[in-house]
Structures are given as C-alpha cells and as structure tokens.
>>> print(open('input_35.pdb').read())   # PDB, C-alpha atoms
ATOM      1  CA  MET A 162       0.000   0.000   0.000
ATOM      2  CA  ARG A 163       1.003   3.557  -0.525
ATOM      3  CA  ALA A 164      -0.289   6.746   1.077
ATOM      4  CA  VAL A 165       0.370  10.435   0.849
ATOM      5  CA  LEU A 166      -0.186  11.986   4.263
ATOM      6  CA  GLN A 167      -0.807  15.708   4.509
ATOM      7  CA  ARG A 168      -1.013  17.561   7.795
ATOM      8  CA  VAL A 169      -4.013  19.891   7.541
ATOM      9  CA  THR A 170      -5.974  22.380   9.590
ATOM     10  CA  ARG A 171      -9.205  21.258   7.854
ATOM     11  CA  ALA A 172     -10.270  19.281   4.797
ATOM     12  CA  SER A 173     -13.314  18.026   2.925
ATOM     13  CA  VAL A 174     -14.376  15.825   0.019
ATOM     14  CA  THR A 175     -17.228  16.783  -2.285
ATOM     15  CA  VAL A 176     -19.003  14.606  -4.853
ATOM     16  CA  GLY A 177     -21.248  16.660  -7.101
ATOM     17  CA  ALA A 178     -22.560  19.416  -4.853
ATOM     18  CA  GLN A 179     -22.571  17.280  -1.682
ATOM     19  CA  VAL A 180     -19.854  17.243   0.981
ATOM     20  CA  ILE A 181     -19.477  13.549   1.797
ATOM     21  CA  GLY A 182     -16.571  13.704   4.232
ATOM     22  CA  ALA A 183     -14.913  16.464   6.231
ATOM     23  CA  ILE A 184     -12.636  17.159   9.151
ATOM     24  CA  GLU A 185     -13.076  20.550  10.762
ATOM     25  CA  ARG A 186     -10.002  20.647  13.015
ATOM     26  CA  PRO A 187      -6.275  19.887  12.620
ATOM     27  CA  GLY A 188      -5.495  16.342  11.513
ATOM     28  CA  LEU A 189      -4.386  14.401   8.438
ATOM     29  CA  VAL A 190      -5.558  13.793   4.912
ATOM     30  CA  ALA A 191      -4.518  10.299   3.830
ATOM     31  CA  LEU A 192      -4.626   9.609   0.097
ATOM     32  CA  VAL A 193      -4.451   5.800   0.024
ATOM     33  CA  ALA A 194      -3.761   3.335  -2.814
ATOM     34  CA  ALA A 195      -3.384  -0.423  -3.032
ATOM     35  CA  THR A 196      -1.354  -2.594  -5.377
ATOM     36  CA  HIS A 197      -1.977  -6.175  -6.515
ATOM     37  CA  ASP A 198      -0.195  -8.066  -3.743
ATOM     38  CA  ASP A 199      -1.467  -6.025  -0.783
ATOM     39  CA  GLY A 200      -3.417  -7.782   1.932
ATOM     40  CA  PRO A 201      -4.188  -7.719   5.656
ATOM     41  CA  GLU A 202      -0.544  -7.272   6.668
ATOM     42  CA  GLN A 203      -0.163  -4.134   4.543
ATOM     43  CA  VAL A 204      -3.500  -2.794   5.798
ATOM     44  CA  ALA A 205      -2.378  -3.206   9.422
ATOM     45  CA  ARG A 206       0.982  -1.555   8.739
ATOM     46  CA  MET A 207      -0.613   1.378   6.918
ATOM     47  CA  ALA A 208      -3.171   1.962   9.667
ATOM     48  CA  ARG A 209      -0.388   1.806  12.264
ATOM     49  CA  LYS A 210       1.707   4.325  10.324
ATOM     50  CA  ILE A 211      -1.196   6.737   9.879
ATOM     51  CA  ALA A 212      -2.096   6.483  13.572
ATOM     52  CA  GLU A 213       1.396   6.476  15.089
ATOM     53  CA  LEU A 214       3.691   8.613  12.930
ATOM     54  CA  ARG A 215       4.694  11.605  15.024
ATOM     55  CA  ILE A 216       4.027  14.190  12.340
ATOM     56  CA  LEU A 217       1.541  16.508  13.988
ATOM     57  CA  ARG A 218       2.663  19.613  15.840
ATOM     58  CA  ASP A 219       4.968  19.069  18.829
ATOM     59  CA  GLU A 220       5.963  15.675  17.369
ATOM     60  CA  GLN A 221       2.664  14.069  18.277
ATOM     61  CA  SER A 222       0.645  11.472  16.387
ATOM     62  CA  VAL A 223      -3.011  11.143  15.498
ATOM     63  CA  GLY A 224      -3.249   8.465  18.176
ATOM     64  CA  ASP A 225      -1.682  10.769  20.792
ATOM     65  CA  THR A 226      -3.927  13.750  20.085
ATOM     66  CA  GLY A 227      -7.219  12.287  18.880
ATOM     67  CA  ALA A 228      -6.833  14.259  15.649
ATOM     68  CA  PRO A 229      -9.155  13.233  12.798
ATOM     69  CA  VAL A 230      -8.140  11.653   9.490
ATOM     70  CA  LEU A 231      -9.792  12.106   6.098
ATOM     71  CA  VAL A 232      -9.101   8.961   4.020
ATOM     72  CA  VAL A 233      -9.464   9.274   0.244
ATOM     73  CA  SER A 234      -8.786   6.433  -2.206
ATOM     74  CA  GLN A 235      -6.248   7.488  -4.846
ATOM     75  CA  PHE A 236      -5.178   4.776  -7.318
ATOM     76  CA  THR A 237      -3.042   7.313  -9.202
ATOM     77  CA  LEU A 238      -0.370   7.023  -6.480
ATOM     78  CA  TYR A 239       0.793   3.913  -8.352
ATOM     79  CA  ALA A 240       1.267   5.701 -11.689
ATOM     80  CA  ASP A 241       4.341   4.676 -13.644
ATOM     81  CA  THR A 242       5.643   7.703 -15.531
ATOM     82  CA  ARG A 243       9.063   6.369 -16.539
ATOM     83  CA  LYS A 244       8.211   5.877 -20.214
ATOM     84  CA  GLY A 245       6.463   8.189 -22.629
ATOM     85  CA  ARG A 246       3.953  10.884 -21.811
ATOM     86  CA  ARG A 247       1.024   8.741 -20.715
ATOM     87  CA  PRO A 248       1.150   7.203 -17.215
ATOM     88  CA  SER A 249       0.600   3.489 -16.782
ATOM     89  CA  TRP A 250      -1.753   2.393 -14.017
ATOM     90  CA  SER A 251      -0.839  -1.306 -14.160
ATOM     91  CA  ALA A 252       0.675  -1.316 -10.656
ATOM     92  CA  ALA A 253      -2.579  -0.108  -9.095
ATOM     93  CA  ALA A 254      -4.917  -2.827  -7.861
ATOM     94  CA  PRO A 255      -8.252  -2.952  -9.716
ATOM     95  CA  GLY A 256     -11.295  -1.567  -7.931
ATOM     96  CA  PRO A 257     -12.680  -4.911  -6.668
ATOM     97  CA  VAL A 258      -9.307  -5.588  -4.993
ATOM     98  CA  ALA A 259      -8.456  -2.058  -3.866
ATOM     99  CA  GLU A 260     -11.793  -0.943  -2.419
ATOM    100  CA  PRO A 261     -11.935  -3.554   0.384
ATOM    101  CA  LEU A 262      -8.300  -2.794   1.270
ATOM    102  CA  VAL A 263      -8.887   0.959   1.550
ATOM    103  CA  ASP A 264     -12.064   0.241   3.548
ATOM    104  CA  ALA A 265     -10.037  -2.034   5.835
ATOM    105  CA  VAL A 266      -7.595   0.800   6.567
ATOM    106  CA  VAL A 267     -10.573   2.935   7.627
ATOM    107  CA  VAL A 268     -11.911   0.117   9.831
ATOM    108  CA  ALA A 269      -8.471  -0.402  11.410
ATOM    109  CA  LEU A 270      -8.125   3.309  12.188
ATOM    110  CA  ARG A 271     -11.607   3.447  13.715
ATOM    111  CA  ALA A 272     -10.780   0.357  15.799
ATOM    112  CA  ARG A 273      -7.980   2.449  17.323
ATOM    113  CA  GLY A 274     -10.553   5.056  18.322
ATOM    114  CA  ILE A 275      -9.581   7.513  15.590
ATOM    115  CA  GLU A 276     -12.225   9.739  14.021
ATOM    116  CA  VAL A 277     -12.214   8.998  10.278
ATOM    117  CA  ALA A 278     -14.055  10.723   7.445
ATOM    118  CA  THR A 279     -13.894   9.289   3.934
ATOM    119  CA  GLY A 280     -14.322  10.010   0.286
ATOM    120  CA  ARG A 281     -16.314   7.726  -2.036
ATOM    121  CA  PHE A 282     -14.374   4.978  -3.792
ATOM    122  CA  GLY A 283     -14.349   5.375  -7.570
ATOM    123  CA  ALA A 284     -16.194   8.691  -7.570
ATOM    124  CA  MET A 285     -14.996  11.905  -9.174
ATOM    125  CA  MET A 286     -14.152  13.784  -5.986
ATOM    126  CA  GLU A 287     -13.104  17.329  -5.200
ATOM    127  CA  VAL A 288     -10.724  17.349  -2.243
ATOM    128  CA  SER A 289     -10.276  20.680  -0.477
ATOM    129  CA  LEU A 290      -7.726  21.142   2.244
ATOM    130  CA  VAL A 291      -5.650  23.685   4.072
ATOM    131  CA  ASN A 292      -2.123  22.356   4.451
ATOM    132  CA  ASP A 293      -0.519  22.887   7.848
ATOM    133  CA  GLY A 294       3.142  23.602   7.292
ATOM    134  CA  PRO A 295       2.892  22.477   4.530
ATOM    135  CA  PHE A 296       3.804  19.000   5.666
ATOM    136  CA  THR A 297       3.446  16.071   3.248
ATOM    137  CA  LEU A 298       4.898  12.529   3.393
ATOM    138  CA  VAL A 299       4.785   9.502   1.120
ATOM    139  CA  VAL A 300       4.388   6.257   3.090
ATOM    140  CA  ASP A 301       4.912   2.813   1.567
ATOM    141  CA  THR A 302       4.267  -0.483   3.314
TER     142      THR A 302
END
>>> encode(input="input_35.pdb", output="structure tokens")
Amino acid sequence: MRAVLQRVTRASVTVGAQVIGAIERPGLVALVAATHDDGPEQVARMARKIAELRILRDEQSVGDTGAPVLVVSQFTLYADTRKGRRPSWSAAAPGPVAEPLVDAVVVALRARGIEVATGRFGAMMEVSLVNDGPFTLVVDT
C-alpha cells in the first residue's frame, strides 16, 4: 500500500454538490492506494503508520492527540511515468481488490478510536484542504 499523508488544519471531500466527508479541526488527509499483492498485513501496517507517525505539531501522532483523518482512495499514487507521456496504471490494484483494502484501513483506524471521514471509492471527488506547514509525506508499506 502507498499513502500520501498531509497535515491539515481542515479538509473536505465533495461529490457533485454534496460534501461527503470532512474534518473541521487539525489532523491528516490520507490519500491511500493499493497494489496487486497487498493484503491484511499491509492494511495493518498502513493503519499503524497513519495512527502512530509523530508528524503533527509538537511531534505528536493522530493516536496521541485524537486528531481526525480524512481517508481518500487514490489509485493514481501507483502511476508509472518512466516511459512516454502517458502514465501506466498497471501497478494499481483494480477496484474490486483495492476498495476492500482501503475500507479495511478505515476500519483499522476506527478500531484504534480515531475519528475517520472518507471520500467515495471510484467517484470523481473534489478534495479541499488547508495544508498545515505544509507537511506532506509519502508512506509505503
């Protein structure tokens, strides 16, 4: 699995004209993608990283502070741009494989007591956020 974590002061996801997920206080936006060989072990590691990385202010984690997380599926994190001008998406898991894995990350975070908002898998989403820092990391399991 791969994620881009952004420390934010607030963030939301809109589909059409409807806000479907939002965090209204400082926390993280986690853009999450799965590849073909990901499974429960990668889900557990990704949830642990999102919850425990000490990347919030004063070197605290989401788990330490109770900060919220907005999880948005983002298959494009596995784009291969090494050849030509058109990215290849072959490393990204197909929807029927990826969706349950991204959902499992959300479930694992909630099981830790973390407040999680989400986007909608496969939808054309507008993600709005206010970066805090800015502070952005790429996390691979």
>>> closest_residue(input="input_35.pdb", among="A:Val223, A:Val291, A:Val263, A:Ile211", to="Phe236 (chain A)", atoms="all atoms listed in the file")
A:Val263
>>> residues_around(input="input_35.pdb", residues="Asn292 (chain A)", least_positions_apart="2", cutoff="10 Å", atoms="all atoms listed in the file", output="PyMOL selection string")
chain A and resi 167-172+187-190+289-290+294-297
>>> atom_distance(input="input_35.pdb", atom1="CA of Val299 (chain A)", atom2="CA of Val165 (chain A)")
4.5 Å
>>> residues_around(input="input_35.pdb", residues="Ile181 (chain A)", least_positions_apart="5", cutoff="12 Å", atoms="only C-alpha atoms", output="PyMOL selection string")
chain A and resi 172-176+231-233+278-282+284-289
>>> resolve_selection(input="input_35.pdb", expression="the PyMOL selection byres ((chain A and resi 227) around 12)", output="list in words")
Arg186, Pro187, Gly188, Leu189, Ala212, Glu213, Leu217, Gln221, Ser222, Val223, Gly224, Asp225, Thr226, Ala228, Pro229, Val230, Leu270, Arg271, Arg273, Gly274, Ile275, Glu276 and Val277 of chain A
>>> atom_distance(input="input_35.pdb", atom1="CA of Met162 (chain A)", atom2="CA of Glu185 (chain A)")
26.6 Å
>>> closest_residue(input="input_35.pdb", among="A:Ala265, A:Ser251, A:Gly283, A:Gly245", to="Thr196 (chain A)", atoms="all atoms listed in the file")
A:Ser251
>>> atom_distance(input="input_35.pdb", atom1="CA of Ala194 (chain A)", atom2="CA of Ala164 (chain A)")
6.2 Å
>>> closest_residue(input="input_35.pdb", among="A:Ile184, A:Leu192, A:Leu238, A:Leu214", to="Trp250 (chain A)", atoms="only C-alpha atoms")
A:Leu238
>>> closest_residue(input="input_35.pdb", among="A:Leu166, A:Met207, A:Val193, A:Ala253", to="Ala269 (chain A)", atoms="all atoms listed in the file")
A:Met207
>>> axis_aligned_box(input="input_35.pdb", around="region 172-191 of chain A", padding_each_side="4 Å", output="JSON")
{"center_x": -13.5, "center_y": 15.5, "center_z": 3.0, "size_x": 26.2, "size_y": 18.3, "size_z": 28.1}
>>> resolve_selection(input="input_35.pdb", expression="the PyMOL selection byres ((chain A and resi 205) around 10)", output="PyMOL selection string")
chain A and resi 200-204+206-210+265-266+269-270+302
>>> closest_residue(input="input_35.pdb", among="A:Ala195, A:Ala178, A:Val300, A:Val267", to="Gln235 (chain A)", atoms="all atoms listed in the file")
A:Ala195
>>> decode(input="input_35.pdb", residues="region 253-267 of chain A", atoms="all heavy atoms", output="CSV table (one decimal), in the first residue's frame")
chain,number,residue,atom,x,y,z
A,253,ALA,N,-1.5,-0.3,-10.0
A,253,ALA,CA,-2.6,-0.1,-9.1
A,253,ALA,C,-3.5,-1.3,-9.1
A,253,ALA,O,-3.8,-1.9,-10.2
A,253,ALA,CB,-3.4,1.1,-9.5
A,254,ALA,N,-4.0,-1.7,-7.9
A,254,ALA,CA,-4.9,-2.8,-7.9
A,254,ALA,C,-6.2,-2.4,-8.5
A,254,ALA,O,-6.6,-1.2,-8.4
A,254,ALA,CB,-5.1,-3.2,-6.4
A,255,PRO,N,-6.9,-3.3,-9.2
A,255,PRO,CA,-8.3,-3.0,-9.7
A,255,PRO,C,-9.3,-2.7,-8.6
A,255,PRO,O,-9.1,-3.2,-7.5
A,255,PRO,CB,-8.6,-4.2,-10.5
A,255,PRO,CG,-7.8,-5.3,-10.0
A,255,PRO,CD,-6.6,-4.7,-9.4
A,256,GLY,N,-10.3,-2.0,-8.9
A,256,GLY,CA,-11.3,-1.6,-7.9
A,256,GLY,C,-11.8,-2.7,-7.0
A,256,GLY,O,-11.8,-2.5,-5.8
A,257,PRO,N,-12.2,-3.9,-7.5
A,257,PRO,CA,-12.7,-4.9,-6.7
A,257,PRO,C,-11.7,-5.4,-5.6
A,257,PRO,O,-12.0,-6.0,-4.6
A,257,PRO,CB,-13.1,-6.0,-7.6
A,257,PRO,CG,-13.3,-5.3,-8.9
A,257,PRO,CD,-12.4,-4.2,-9.0
A,258,VAL,N,-10.4,-5.2,-5.9
A,258,VAL,CA,-9.3,-5.6,-5.0
A,258,VAL,C,-9.0,-4.4,-4.1
A,258,VAL,O,-8.9,-4.6,-2.9
A,258,VAL,CB,-8.0,-6.0,-5.7
A,258,VAL,CG1,-6.9,-6.3,-4.8
A,258,VAL,CG2,-8.3,-7.3,-6.6
A,259,ALA,N,-8.9,-3.2,-4.6
A,259,ALA,CA,-8.5,-2.1,-3.9
A,259,ALA,C,-9.5,-1.6,-2.9
A,259,ALA,O,-9.2,-1.2,-1.8
A,259,ALA,CB,-8.1,-0.9,-4.8
A,260,GLU,N,-10.8,-1.5,-3.3
A,260,GLU,CA,-11.8,-0.9,-2.4
A,260,GLU,C,-11.9,-1.6,-1.0
A,260,GLU,O,-11.9,-0.9,0.0
A,260,GLU,CB,-13.2,-1.0,-3.1
A,260,GLU,CG,-14.2,-0.3,-2.3
A,260,GLU,CD,-15.6,-0.2,-3.0
A,260,GLU,OE1,-15.7,-0.8,-4.1
A,260,GLU,OE2,-16.4,0.6,-2.5
A,261,PRO,N,-11.9,-3.0,-1.0
A,261,PRO,CA,-11.9,-3.6,0.4
A,261,PRO,C,-10.7,-3.3,1.2
A,261,PRO,O,-10.7,-3.2,2.4
A,261,PRO,CB,-12.1,-5.1,0.1
A,261,PRO,CG,-12.4,-5.2,-1.3
A,261,PRO,CD,-12.0,-4.0,-2.0
A,262,LEU,N,-9.5,-3.1,0.5
A,262,LEU,CA,-8.3,-2.8,1.3
A,262,LEU,C,-8.3,-1.4,1.8
A,262,LEU,O,-8.0,-1.2,3.0
A,262,LEU,CB,-7.1,-3.0,0.4
A,262,LEU,CG,-6.8,-4.4,-0.1
A,262,LEU,CD1,-5.8,-4.5,-1.2
A,262,LEU,CD2,-6.4,-5.3,1.1
A,263,VAL,N,-8.8,-0.4,1.0
A,263,VAL,CA,-8.9,1.0,1.5
A,263,VAL,C,-9.9,1.0,2.7
A,263,VAL,O,-9.7,1.6,3.7
A,263,VAL,CB,-9.2,1.9,0.4
A,263,VAL,CG1,-9.5,3.3,1.0
A,263,VAL,CG2,-8.1,2.0,-0.6
A,264,ASP,N,-11.0,0.3,2.5
A,264,ASP,CA,-12.1,0.2,3.5
A,264,ASP,C,-11.5,-0.4,4.8
A,264,ASP,O,-11.8,0.1,5.9
A,264,ASP,CB,-13.3,-0.6,3.1
A,264,ASP,CG,-14.1,0.1,2.0
A,264,ASP,OD1,-13.9,1.4,1.8
A,264,ASP,OD2,-15.0,-0.5,1.4
A,265,ALA,N,-10.6,-1.4,4.7
A,265,ALA,CA,-10.0,-2.0,5.8
A,265,ALA,C,-9.1,-1.1,6.6
A,265,ALA,O,-9.0,-1.2,7.8
A,265,ALA,CB,-9.3,-3.3,5.4
A,266,VAL,N,-8.4,-0.2,5.9
A,266,VAL,CA,-7.6,0.8,6.6
A,266,VAL,C,-8.5,1.7,7.4
A,266,VAL,O,-8.2,2.0,8.6
A,266,VAL,CB,-6.8,1.6,5.6
A,266,VAL,CG1,-6.1,2.8,6.2
A,266,VAL,CG2,-5.7,0.8,4.9
A,267,VAL,N,-9.6,2.1,6.9
A,267,VAL,CA,-10.6,2.9,7.6
A,267,VAL,C,-11.1,2.2,8.9
A,267,VAL,O,-11.1,2.7,10.0
A,267,VAL,CB,-11.8,3.4,6.7
A,267,VAL,CG1,-12.9,4.0,7.5
A,267,VAL,CG2,-11.3,4.3,5.6
